[in-house]
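Just query19.csv here, CSV, C-alpha atoms:
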chain,number,residue,atom,x,y,z
A,1,MET,CA,-27.8,5.5,-36.8
A,2,THR,CA,-31.2,3.9,-36.5
A,3,ASN,CA,-29.5,0.6,-35.6
A,4,PHE,CA,-27.4,2.3,-32.9
A,5,ILE,CA,-30.5,3.8,-31.3
A,6,ALA,CA,-32.4,0.5,-31.5
A,7,THR,CA,-29.6,-1.4,-29.7
A,8,HIS,CA,-30.3,-2.2,-26.0
A,9,LEU,CA,-28.3,-0.2,-23.4
A,10,THR,CA,-24.9,-1.6,-22.5
A,11,PRO,CA,-23.8,-2.0,-18.9
A,12,ASP,CA,-21.6,1.1,-19.3
A,13,GLU,CA,-24.6,3.1,-20.6
A,14,LEU,CA,-26.7,1.8,-17.6
A,15,ASP,CA,-23.9,3.3,-15.4
A,16,ASP,CA,-24.1,6.5,-17.3
A,17,TRP,CA,-27.9,6.6,-16.8
A,18,LEU,CA,-27.5,6.0,-13.1
A,19,ALA,CA,-25.0,8.9,-13.0
A,20,GLY,CA,-27.4,11.1,-15.0
A,21,SER,CA,-25.1,11.4,-18.0
A,22,LEU,CA,-26.7,9.1,-20.6
A,23,ALA,CA,-26.5,10.5,-24.2
A,24,ARG,CA,-29.8,12.0,-25.3
A,25,ASN,CA,-30.4,9.6,-28.2
A,26,ARG,CA,-29.9,6.7,-25.8
A,27,GLU,CA,-32.4,8.3,-23.4
A,28,ALA,CA,-34.8,8.2,-26.2
A,29,HIS,CA,-34.2,4.5,-26.7
A,30,LEU,CA,-34.6,3.9,-22.9
A,31,HIS,CA,-38.0,5.6,-22.9
A,32,GLY,CA,-39.2,3.5,-25.8
A,33,CYS,CA,-37.8,0.1,-24.8
A,34,ALA,CA,-39.6,-1.8,-22.1
A,35,ASP,CA,-36.7,-4.3,-21.6
A,36,CYS,CA,-34.1,-1.5,-21.0
A,37,ARG,CA,-36.5,0.4,-18.8
A,38,HIS,CA,-37.1,-2.6,-16.7
A,39,LEU,CA,-33.4,-3.3,-16.4
A,40,ALA,CA,-32.6,0.3,-15.6
A,41,ASP,CA,-35.3,0.6,-12.9
A,42,ALA,CA,-34.1,-2.6,-11.3
A,43,ASP,CA,-30.5,-1.4,-11.3
A,44,ARG,CA,-31.5,1.9,-9.8
A,45,ALA,CA,-33.5,0.2,-7.0
A,46,LEU,CA,-30.6,-2.1,-6.3
A,47,VAL,CA,-28.0,0.7,-6.2
A,48,HIS,CA,-30.3,2.6,-3.9
A,49,LEU,CA,-30.7,-0.4,-1.7
A,50,LEU,CA,-27.0,-1.0,-1.5
A,51,GLY,CA,-26.4,2.7,-0.7
A,52,THR,CA,-28.7,2.5,2.3
A,53,LEU,CA,-26.9,-0.5,3.9
A,54,PRO,CA,-25.7,0.5,7.4
A,55,LEU,CA,-22.1,0.7,8.6
A,56,PHE,CA,-21.4,-1.8,11.4
A,57,THR,CA,-19.5,-0.8,14.5
A,58,PRO,CA,-16.8,-3.1,16.0
A,59,ALA,CA,-17.0,-4.0,19.7
A,60,ALA,CA,-16.1,-1.3,22.2
A,61,GLY,CA,-12.4,-0.8,22.8
A,62,PHE,CA,-11.4,-1.7,19.2
A,63,SER,CA,-9.2,1.4,19.0
A,64,ASP,CA,-7.4,0.5,22.2
A,65,ARG,CA,-6.8,-3.1,21.0
A,66,VAL,CA,-5.3,-1.8,17.8
A,67,MET,CA,-3.1,0.8,19.5
A,68,ALA,CA,-1.8,-1.9,21.9
A,69,ARG,CA,-0.3,-3.6,18.8
A,70,VAL,CA,0.9,-0.5,17.0
A,71,GLU,CA,4.5,0.7,17.4
A,72,VAL,CA,4.4,4.5,17.4
A,73,ARG,CA,7.7,5.7,16.2
A,74,ARG,CA,8.9,9.1,17.0
A,75,ARG,CA,10.7,10.6,14.1
A,76,ALA,CA,13.2,13.4,14.9
A,77,ARG,CA,12.1,16.7,13.5
A,78,PRO,CA,14.3,18.2,10.7
A,79,VAL,CA,15.2,21.2,12.8
A,80,ILE,CA,16.6,18.9,15.5
A,81,ILE,CA,18.5,16.8,13.0
A,82,ALA,CA,20.0,20.0,11.4
A,83,ALA,CA,20.9,21.4,14.9
A,84,ALA,CA,22.6,18.1,15.9
A,85,LEU,CA,24.6,18.0,12.6
A,86,ALA,CA,25.6,21.7,13.0
A,87,ALA,CA,26.7,21.1,16.6
A,88,GLY,CA,28.7,18.0,15.5
A,89,VAL,CA,30.6,20.0,13.0
A,90,LEU,CA,30.8,23.5,14.5
A,91,LEU,CA,31.7,22.5,18.1
A,92,PRO,CA,34.9,20.6,17.2
A,93,MET,CA,35.8,23.5,14.8
A,94,ALA,CA,35.3,26.1,17.5
A,95,ALA,CA,37.2,24.0,20.1
A,96,SER,CA,40.1,23.6,17.6
A,97,VAL,CA,40.3,27.3,16.8
A,98,GLY,CA,40.1,28.2,20.5
A,99,TRP,CA,43.0,25.8,21.4
A,100,SER,CA,45.1,27.1,18.5
A,101,LEU,CA,44.6,30.7,19.6
A,102,ALA,CA,45.5,29.8,23.2
A,103,ASN,CA,48.6,27.7,22.3
A,104,PRO,CA,50.3,29.4,19.2
A,105,GLU,CA,53.8,28.2,20.0
A,106,THR,CA,52.9,24.6,20.5
A,107,LEU,CA,50.9,24.6,17.3
A,108,THR,CA,53.9,26.1,15.3
A,109,GLN,CA,56.2,23.4,16.7
A,110,LEU,CA,53.8,20.6,15.9
A,111,LEU,CA,53.2,21.8,12.4
A,112,GLN,CA,56.9,22.1,11.6
A,113,GLY,CA,57.6,18.7,13.0
A,114,ALA,CA,54.7,17.2,11.1
A,115,GLY,CA,55.7,18.9,7.9
A,116,GLN,CA,59.3,17.6,8.0
A,117,GLY,CA,58.2,14.1,8.9
A,118,LEU,CA,55.5,14.0,6.3
A,119,GLY,CA,57.8,15.4,3.6
A,120,GLY,CA,60.4,12.7,4.2
A,121,VAL,CA,57.8,10.0,4.2
A,122,TRP,CA,56.2,11.3,0.9
A,123,LEU,CA,59.6,11.5,-0.9
A,124,THR,CA,60.5,8.0,0.1
A,125,ALA,CA,57.2,6.6,-1.0
A,126,VAL,CA,57.4,8.3,-4.5
A,127,ARG,CA,61.0,7.0,-5.0
A,128,SER,CA,60.0,3.5,-3.9
A,129,PHE,CA,57.0,3.5,-6.2
A,130,GLY,CA,59.1,4.8,-9.2
A,131,SER,CA,61.8,2.1,-8.8
A,132,THR,CA,59.2,-0.7,-8.4
A,133,LEU,CA,57.4,0.5,-11.6
A,134,LEU,CA,60.7,0.6,-13.6
A,135,ALA,CA,61.6,-2.9,-12.5
A,136,GLN,CA,58.4,-4.4,-13.8
A,137,PRO,CA,58.8,-6.8,-16.9
A,138,TRP,CA,55.8,-5.2,-18.7
A,139,TYR,CA,57.1,-1.6,-18.2
A,140,PRO,CA,58.9,-1.4,-21.6
A,141,TRP,CA,55.8,-2.6,-23.5
A,142,VAL,CA,53.6,0.0,-21.8
A,143,ARG,CA,56.2,2.7,-22.5
A,144,GLY,CA,56.2,1.6,-26.1
A,145,LEU,CA,52.5,2.3,-26.3
A,146,PHE,CA,53.0,6.0,-25.5
A,147,GLU,CA,55.7,6.5,-28.2
A,148,SER,CA,53.3,6.3,-31.2
A,149,PRO,CA,50.2,8.7,-31.3
A,150,ALA,CA,48.2,6.1,-33.2
A,151,ARG,CA,48.7,3.5,-30.5
A,152,LEU,CA,48.1,6.1,-27.8
A,153,GLY,CA,44.7,7.0,-29.5
A,154,LEU,CA,43.8,3.3,-29.7
A,155,VAL,CA,44.6,2.7,-26.0
A,156,PHE,CA,42.7,5.8,-25.0
A,157,GLY,CA,39.6,4.8,-27.1
A,158,ALA,CA,39.6,1.2,-25.7
A,159,THR,CA,39.9,2.5,-22.2
A,160,THR,CA,37.0,5.0,-22.7
A,161,VAL,CA,34.8,2.2,-24.2
A,162,ALA,CA,35.6,-0.2,-21.3
A,163,TYR,CA,35.0,2.6,-18.7
A,164,ALA,CA,31.6,3.5,-20.3
A,165,GLY,CA,30.6,-0.1,-20.5
A,166,GLY,CA,31.5,-0.6,-16.9
A,167,VAL,CA,29.4,2.4,-15.8
A,168,LEU,CA,26.4,1.1,-17.8
A,169,VAL,CA,26.7,-2.4,-16.3
A,170,LEU,CA,27.0,-1.0,-12.8
A,171,ARG,CA,23.9,1.2,-13.3
A,172,ARG,CA,21.9,-1.8,-14.5
A,173,LEU,CA,23.1,-3.9,-11.5
A,174,MET,CA,22.4,-1.2,-9.0
A,175,ALA,CA,18.9,-0.2,-10.3
A,176,LEU,CA,16.1,-1.2,-8.0
A,177,PRO,CA,13.5,-3.6,-9.4
A,178,THR,CA,10.2,-1.8,-10.2
A,179,PRO,CA,7.5,-3.1,-7.9
A,180,ARG,CA,4.4,-4.7,-9.6
A,181,VAL,CA,2.0,-2.9,-7.4
A,182,ALA,CA,2.4,0.8,-7.1
A,183,HIS,CA,1.6,1.1,-3.4
A,184,ALA,CA,0.4,-0.8,-0.3
A,185,GLU,CA,2.9,-3.5,-0.6
A,186,ILE,CA,3.0,-4.9,2.9
B,1,MET,CA,3.3,19.6,10.3
B,2,ALA,CA,0.3,21.0,12.2
B,3,LYS,CA,0.7,23.0,15.3
B,4,PRO,CA,0.2,21.0,18.5
B,5,GLY,CA,-3.1,22.6,19.4
B,6,VAL,CA,-4.7,21.9,16.0
B,7,ASP,CA,-7.8,19.6,16.1
B,8,LEU,CA,-6.9,16.4,14.1
B,9,ALA,CA,-10.5,15.9,13.1
B,10,THR,CA,-10.3,19.0,10.9
B,11,LEU,CA,-7.2,17.8,9.0
B,12,SER,CA,-7.1,15.8,5.8
B,13,ASP,CA,-6.1,12.1,5.8
B,14,GLN,CA,-2.7,13.1,4.4
B,15,ASP,CA,-2.0,15.6,7.1
B,16,VAL,CA,-3.1,13.2,9.8
B,17,VAL,CA,-0.6,10.6,8.3
B,18,LEU,CA,2.1,13.3,8.5
B,19,GLU,CA,1.3,13.8,12.2
B,20,ALA,CA,1.4,10.0,12.8
B,21,ARG,CA,4.8,9.8,11.0
B,22,ALA,CA,6.0,12.5,13.4
B,23,GLY,CA,5.2,10.2,16.3
B,24,ARG,CA,1.9,11.7,17.5
B,25,GLN,CA,-0.1,8.9,19.0
B,26,SER,CA,-3.4,10.8,18.8
B,27,ALA,CA,-2.9,10.9,15.0
B,28,TYR,CA,-2.9,7.1,14.8
B,29,ARG,CA,-6.0,7.0,16.9
B,30,GLU,CA,-7.6,9.5,14.6
B,31,LEU,CA,-7.0,7.3,11.6
B,32,VAL,CA,-8.5,4.3,13.4
B,33,ARG,CA,-11.5,6.5,14.4
B,34,ARG,CA,-12.1,7.6,10.8
B,35,TYR,CA,-11.9,4.2,9.2
B,36,GLU,CA,-12.9,1.6,11.9
B,37,ARG,CA,-16.5,1.5,10.8
B,38,PRO,CA,-16.1,1.3,7.0
B,39,ILE,CA,-13.2,-1.2,7.3
B,40,PHE,CA,-15.1,-3.4,9.8
B,41,SER,CA,-18.2,-3.2,7.7
B,42,LEU,CA,-16.4,-4.3,4.5
B,43,ILE,CA,-14.7,-7.1,6.2
B,44,TYR,CA,-17.8,-8.2,8.1
B,45,ARG,CA,-19.7,-8.4,4.9
B,46,MET,CA,-16.9,-10.3,3.3
B,47,VAL,CA,-16.4,-13.0,6.0
B,48,ARG,CA,-19.9,-12.8,7.7
B,49,ASN,CA,-18.5,-13.6,11.1
B,50,ARG,CA,-18.3,-10.8,13.7
B,51,GLU,CA,-15.4,-12.3,15.7
B,52,GLN,CA,-13.3,-13.0,12.7
B,53,ALA,CA,-14.2,-9.6,11.2
B,54,GLU,CA,-12.9,-7.9,14.4
B,55,ASP,CA,-9.7,-9.9,14.3
B,56,LEU,CA,-9.2,-9.1,10.6
B,57,SER,CA,-10.0,-5.4,11.0
B,58,GLN,CA,-7.5,-5.2,13.8
B,59,GLU,CA,-4.9,-7.0,11.6
B,60,THR,CA,-5.6,-4.5,8.8
B,61,PHE,CA,-5.1,-1.4,11.1
B,62,VAL,CA,-2.0,-2.9,12.7
B,63,LYS,CA,-0.5,-3.7,9.3
B,64,ALA,CA,-1.3,-0.2,7.9
B,65,LEU,CA,-0.2,1.8,11.0
B,66,ASN,CA,3.0,-0.2,11.6
B,67,ALA,CA,3.9,0.5,7.9
B,68,ILE,CA,2.8,4.1,7.9
B,69,GLU,CA,6.3,5.1,6.7
B,70,SER,CA,5.8,3.1,3.5
B,71,TYR,CA,2.5,4.9,2.6
B,72,ARG,CA,2.9,7.1,-0.4
B,73,PRO,CA,0.9,10.4,0.0
B,74,GLU,CA,0.2,10.7,-3.7
B,75,TYR,CA,-2.4,7.9,-3.2
B,76,LYS,CA,-5.5,8.3,-1.1
B,77,PHE,CA,-5.1,6.9,2.4
B,78,SER,CA,-8.6,5.3,2.1
B,79,SER,CA,-7.5,3.4,-1.1
B,80,TRP,CA,-4.5,2.1,0.8
B,81,ILE,CA,-6.3,0.9,3.8
B,82,PHE,CA,-9.2,-0.6,1.9
B,83,LYS,CA,-6.7,-2.4,-0.3
B,84,ILE,CA,-5.0,-3.9,2.8
B,85,ALA,CA,-8.5,-4.8,4.2
B,86,ASN,CA,-9.5,-6.5,1.0
B,87,ASN,CA,-6.2,-8.5,0.8
B,88,VAL,CA,-6.6,-9.6,4.5
B,89,SER,CA,-10.2,-10.7,3.8
B,90,ILE,CA,-9.5,-12.6,0.6
B,91,ASP,CA,-6.5,-14.4,2.2
B,92,HIS,CA,-8.8,-15.3,5.2
B,93,LEU,CA,-11.5,-16.6,2.9
B,94,ARG,CA,-9.0,-18.7,1.0
B,95,ARG,CA,-7.7,-20.2,4.2
B,96,ARG,CA,-11.2,-20.8,5.5
B,97,GLU,CA,-12.1,-22.5,2.2
B,98,LEU,CA,-9.2,-24.9,2.7
B,99,ASP,CA,-10.1,-25.5,6.3
B,100,THR,CA,-13.8,-26.3,5.6
B,101,LEU,CA,-13.2,-28.5,2.6
B,102,SER,CA,-12.8,-31.5,4.8
B,103,LEU,CA,-15.6,-32.8,7.0
B,104,ASP,CA,-12.9,-34.6,9.0
B,105,GLY,CA,-11.2,-31.5,10.3
B,106,SER,CA,-8.7,-28.9,9.3
B,107,PRO,CA,-5.7,-30.0,7.3
B,108,HIS,CA,-3.7,-27.6,9.5
B,109,ALA,CA,-4.8,-29.4,12.7
B,110,LEU,CA,-1.9,-31.3,14.3
B,111,THR,CA,-3.4,-33.0,17.4
B,112,PRO,CA,-6.5,-35.2,17.7
B,113,GLU,CA,-8.1,-32.5,19.8
B,114,ALA,CA,-7.5,-29.8,17.1
B,115,ILE,CA,-8.9,-32.2,14.4
B,116,GLN,CA,-12.0,-32.8,16.6
B,117,ALA,CA,-12.4,-29.1,17.2
B,118,SER,CA,-12.1,-28.1,13.6
B,119,ALA,CA,-14.3,-30.9,12.2
B,120,LEU,CA,-17.5,-29.8,10.7
B,121,GLN,CA,-20.3,-30.5,13.2
B,122,LEU,CA,-23.7,-31.4,11.7
B,123,GLY,CA,-26.9,-31.3,13.6
B,124,ASP,CA,-25.7,-30.2,17.0
B,125,ARG,CA,-25.4,-26.5,16.3
B,126,GLN,CA,-26.5,-24.2,19.1
B,127,GLU,CA,-26.9,-20.5,18.2
B,128,THR,CA,-24.8,-18.3,20.5
B,129,ALA,CA,-25.6,-14.7,21.4
B,130,LEU,CA,-23.0,-13.5,18.9
B,131,GLU,CA,-24.5,-15.6,16.2
B,132,GLU,CA,-27.9,-14.3,17.0
B,133,LEU,CA,-26.5,-10.7,16.6
B,134,GLU,CA,-24.9,-11.7,13.3
B,135,ALA,CA,-28.2,-13.2,12.1
B,136,LYS,CA,-29.9,-10.0,13.0
B,137,GLU,CA,-27.3,-7.8,11.4
B,138,LEU,CA,-26.8,-9.8,8.2
B,139,GLY,CA,-30.2,-11.4,8.0
B,140,GLY,CA,-31.7,-9.0,5.5
B,141,GLU,CA,-32.4,-10.3,2.0
B,142,ILE,CA,-29.9,-7.9,0.4
B,143,GLU,CA,-27.1,-9.0,2.8
B,144,ALA,CA,-27.9,-12.7,2.1
B,145,ALA,CA,-27.8,-12.0,-1.6
B,146,ILE,CA,-24.4,-10.3,-1.3
B,147,ALA,CA,-23.2,-13.3,0.6
B,148,THR,CA,-23.9,-15.6,-2.4
B,149,LEU,CA,-21.6,-13.6,-4.6
B,150,ARG,CA,-18.0,-14.7,-5.4
B,151,PRO,CA,-15.6,-12.9,-3.1
B,152,GLU,CA,-14.1,-10.8,-6.0
B,153,TYR,CA,-17.6,-9.7,-7.0
B,154,ARG,CA,-18.5,-9.0,-3.4
B,155,SER,CA,-15.5,-6.7,-2.7
B,156,CYS,CA,-16.1,-4.8,-6.0
B,157,ILE,CA,-19.8,-4.3,-5.4
B,158,LEU,CA,-19.3,-3.3,-1.8
B,159,LEU,CA,-16.6,-0.8,-2.6
B,160,ARG,CA,-18.6,0.6,-5.5
B,161,HIS,CA,-22.1,0.9,-4.2
B,162,VAL,CA,-21.8,0.8,-0.4
B,163,GLU,CA,-18.5,2.8,-0.1
B,164,GLY,CA,-19.2,4.8,-3.2
B,165,ARG,CA,-15.7,4.5,-4.6
B,166,PRO,CA,-15.1,5.3,-8.3
B,167,TYR,CA,-14.2,2.4,-10.7
B,168,GLU,CA,-10.7,3.7,-11.2
B,169,GLU,CA,-10.0,3.8,-7.5
B,170,ILE,CA,-11.4,0.2,-7.1
B,171,ALA,CA,-9.1,-0.9,-9.9
B,172,THR,CA,-6.1,0.6,-8.1
B,173,MET,CA,-7.1,-0.9,-4.8
B,174,LEU,CA,-7.6,-4.4,-6.1
B,175,ASP,CA,-4.8,-4.4,-8.7
B,176,LEU,CA,-7.3,-5.3,-11.4
B,177,PRO,CA,-7.7,-3.8,-14.9
B,178,LEU,CA,-10.5,-1.2,-15.1
B,179,GLY,CA,-12.4,-3.4,-17.5
B,180,THR,CA,-12.3,-6.3,-15.2
B,181,VAL,CA,-13.7,-4.2,-12.3
B,182,LYS,CA,-16.5,-3.0,-14.5
B,183,THR,CA,-17.3,-6.5,-15.6
B,184,TYR,CA,-17.3,-7.8,-12.0
B,185,ILE,CA,-19.6,-5.1,-10.9
B,186,HIS,CA,-22.0,-5.5,-13.8
B,187,ARG,CA,-22.1,-9.3,-13.2
B,188,ALA,CA,-22.6,-8.8,-9.5
B,189,ARG,CA,-25.5,-6.4,-10.1
B,190,GLY,CA,-27.0,-8.9,-12.5
B,191,GLU,CA,-26.8,-11.7,-9.9
B,192,LEU,CA,-28.2,-9.5,-7.2
B,193,ARG,CA,-31.0,-8.3,-9.5
B,194,LEU,CA,-31.9,-12.0,-10.1
B,195,ALA,CA,-31.6,-12.9,-6.4
B,196,LEU,CA,-33.9,-10.0,-5.4
B,197,ALA,CA,-36.3,-10.1,-8.3
B,198,HIS,CA,-39.1,-11.4,-6.0
B,199,LEU,CA,-38.9,-8.3,-3.9
B,200,ARG,CA,-39.7,-6.1,-6.9
B,201,GLN,CA,-42.7,-8.3,-7.8
Structure re-expressed in structure tokens:
Amino acid sequence: MTNFIATHLTPDELDDWLAGSLARNREAHLHGCADCRHLADADRALVHLLGTLPLFTPAAGFSDRVMARVEVRRRARPVIIAAALAAGVLLPMAASVGWSLANPETLTQLLQGAGQGLGGVWLTAVRSFGSTLLAQPWYPWVRGLFESPARLGLVFGATTVAYAGGVLVLRRLMALPTPRVAHAEI
Amino acid sequence: MAKPGVDLATLSDQDVVLEARAGRQSAYRELVRRYERPIFSLIYRMVRNREQAEDLSQETFVKALNAIESYRPEYKFSSWIFKIANNVSIDHLRRRELDTLSLDGSPHALTPEAIQASALQLGDRQETALEELEAKELGGEIEAAIATLRPEYRSCILLRHVEGRPYEEIATMLDLPLGTVKTYIHRARGELRLALAHLRQ
């Protein structure tokens, strides 16, 4: 303990003394040590001198010169954005309902025609897809996989692992790199 | 966002930034008004040339205000703008050091006229009114002693004891470890104590 008290003040302790928060036993050392007292007084005078340095003023019109080179961007207020979005969705909906109410017969005809047309197209597409699938050379092998529960489990497990791996890789690829400096990167 | 009639001078930096982001030009001016003197003073003491300090201060504000959208409000605005000012000054000092290394003119000079203009002139120096003003402003013993410090020490000591910024904030501003900032400041104080010792005697 005696050694600790006898040791000269460290730069951090000088800072503490300047801030008025030096430990009491170190204060005792400071009062008894001419070297530390000299250093502390010199530091205090220096810090005081630095603190009294004046602020300089740039030439007149500085602010105007800066503003001439600054691009003031007007950001739309959230209320305006919300109103625009609502109008974009609600107006077409209202127009559609209004037209439907005013022209019920035309609407019914249109829907019937579209239903029949779409139904026919859909059935043809499904049939065509089915026949193409059955004609594939690998189809019997795939079908064989589904005949045994053990093979089915194996296929399901492998697919799950591949899917999870893919998701993990994608997340790594799409993660943004962490900037070295937390802010003010210009 | 503040109501249109609210006096910007009464708002915090963060709130003024919000106003600026909303496109209020007076908010940009308010930020310039608040920081033009501290930023100019820091840069002037770093580069010790009024004209260059004006240009670099302008560059600092233009960079900061044009990138106001990228400012993150969880940090102090003052830290952000002082960091930009420090980077601008250090970059300038590095460039200037390269330019003045050769007595034969700047390595960036491409024409004979530019080489002649940038060559270091010895003996025929006439002091202009601007230089006279600089000599008056920066002529004090303390200013001269600060000028002898390494740029890293200079920015640290100015931010700590002229601007009164805490060590942690300076470390964030300058992207330096806290221990390094403390070491720089203690060494700078040591060098200044030595340089100004005769004043105390």
Counting only C-alpha atoms, write as JSON, numbers by chain all protein and nucleic acid residues lying at most 12 Å from (6.9, 3.8, 4.6) in the file's frame.
-> {"A": [73, 183, 184, 185, 186], "B": [17, 18, 20, 21, 63, 64, 65, 66, 67, 68, 69, 70, 71, 72, 73]}
Select all residues from chain B having any atom no more than 8 Å from an atom of chain A (counting all atoms listed in the file, ignoring ligands), output as a PyMOL selection string.
-> chain B and resi 20-25+28-29+32-33+36-38+40-41+54+58+61-63+65-67+70-72+75+80+83-84+142+161-164+175+186+189+192-193+200
Using CA of Ala85 in chain B and CA of Ile39 in chain B as the two end points, give the distance in Å to one decimal.
->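 Between these atoms lies a distance of 6.7 Å.
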Given the choices B:Met46, B:Leu93, B:Ala53, B:Leu196, which gets closest to Leu149 in chain B if the distance is worked out from all atoms listed in the file?
->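 Nearest candidate to Leu149 in chain B out of B:Met46, B:Leu93, B:Ala53, B:Leu196: B:Met46.
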Got a sec: who's within 12 Å of Arg150 in chain B, counting only C-alpha atoms, leaving out chain neighbours fewer than 2 positions off, as an NGL selection string?
-> :B and (46-47 or 90 or 93-94 or 145-148 or 152-157 or 184-185 or 187-188 or 191-192)
Quick one: pull the distance between CA of Leu8 in chain B and CA of Ala27 in chain B, Å, one decimal.
-> 6.9 Å
Contact residues around Cys36 in chain A with only C-alpha atoms at 10 Å, ignoring same-chain residues under 4 positions, as a PyMOL selection string = chain A and resi 7-10+14+29-32+40-42
Just how far from CA of Ala6 in chain A is CA of Asn25 in chain A, in Å to one decimal?
->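 Computed distance, CA of Asn25 in chain A to CA of Ala6 in chain A, equals 9.9 Å.
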12 Å contact set for Val6 in chain B, only C-alpha atoms, chain neighbours under 6 positions out, as a PDB file with C-alpha atoms, in the frame of the given file:
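Output below, filename result_6.pdb:
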ATOM      1  CA  ASP B  15      -2.000  15.600   7.100  1.00  0.00           C
ATOM      2  CA  VAL B  16      -3.100  13.200   9.800  1.00  0.00           C
ATOM      3  CA  GLU B  19       1.300  13.800  12.200  1.00  0.00           C
ATOM      4  CA  SER B  26      -3.400  10.800  18.800  1.00  0.00           C
ATOM      5  CA  ALA B  27      -2.900  10.900  15.000  1.00  0.00           C
TER       6      ALA B  27
END
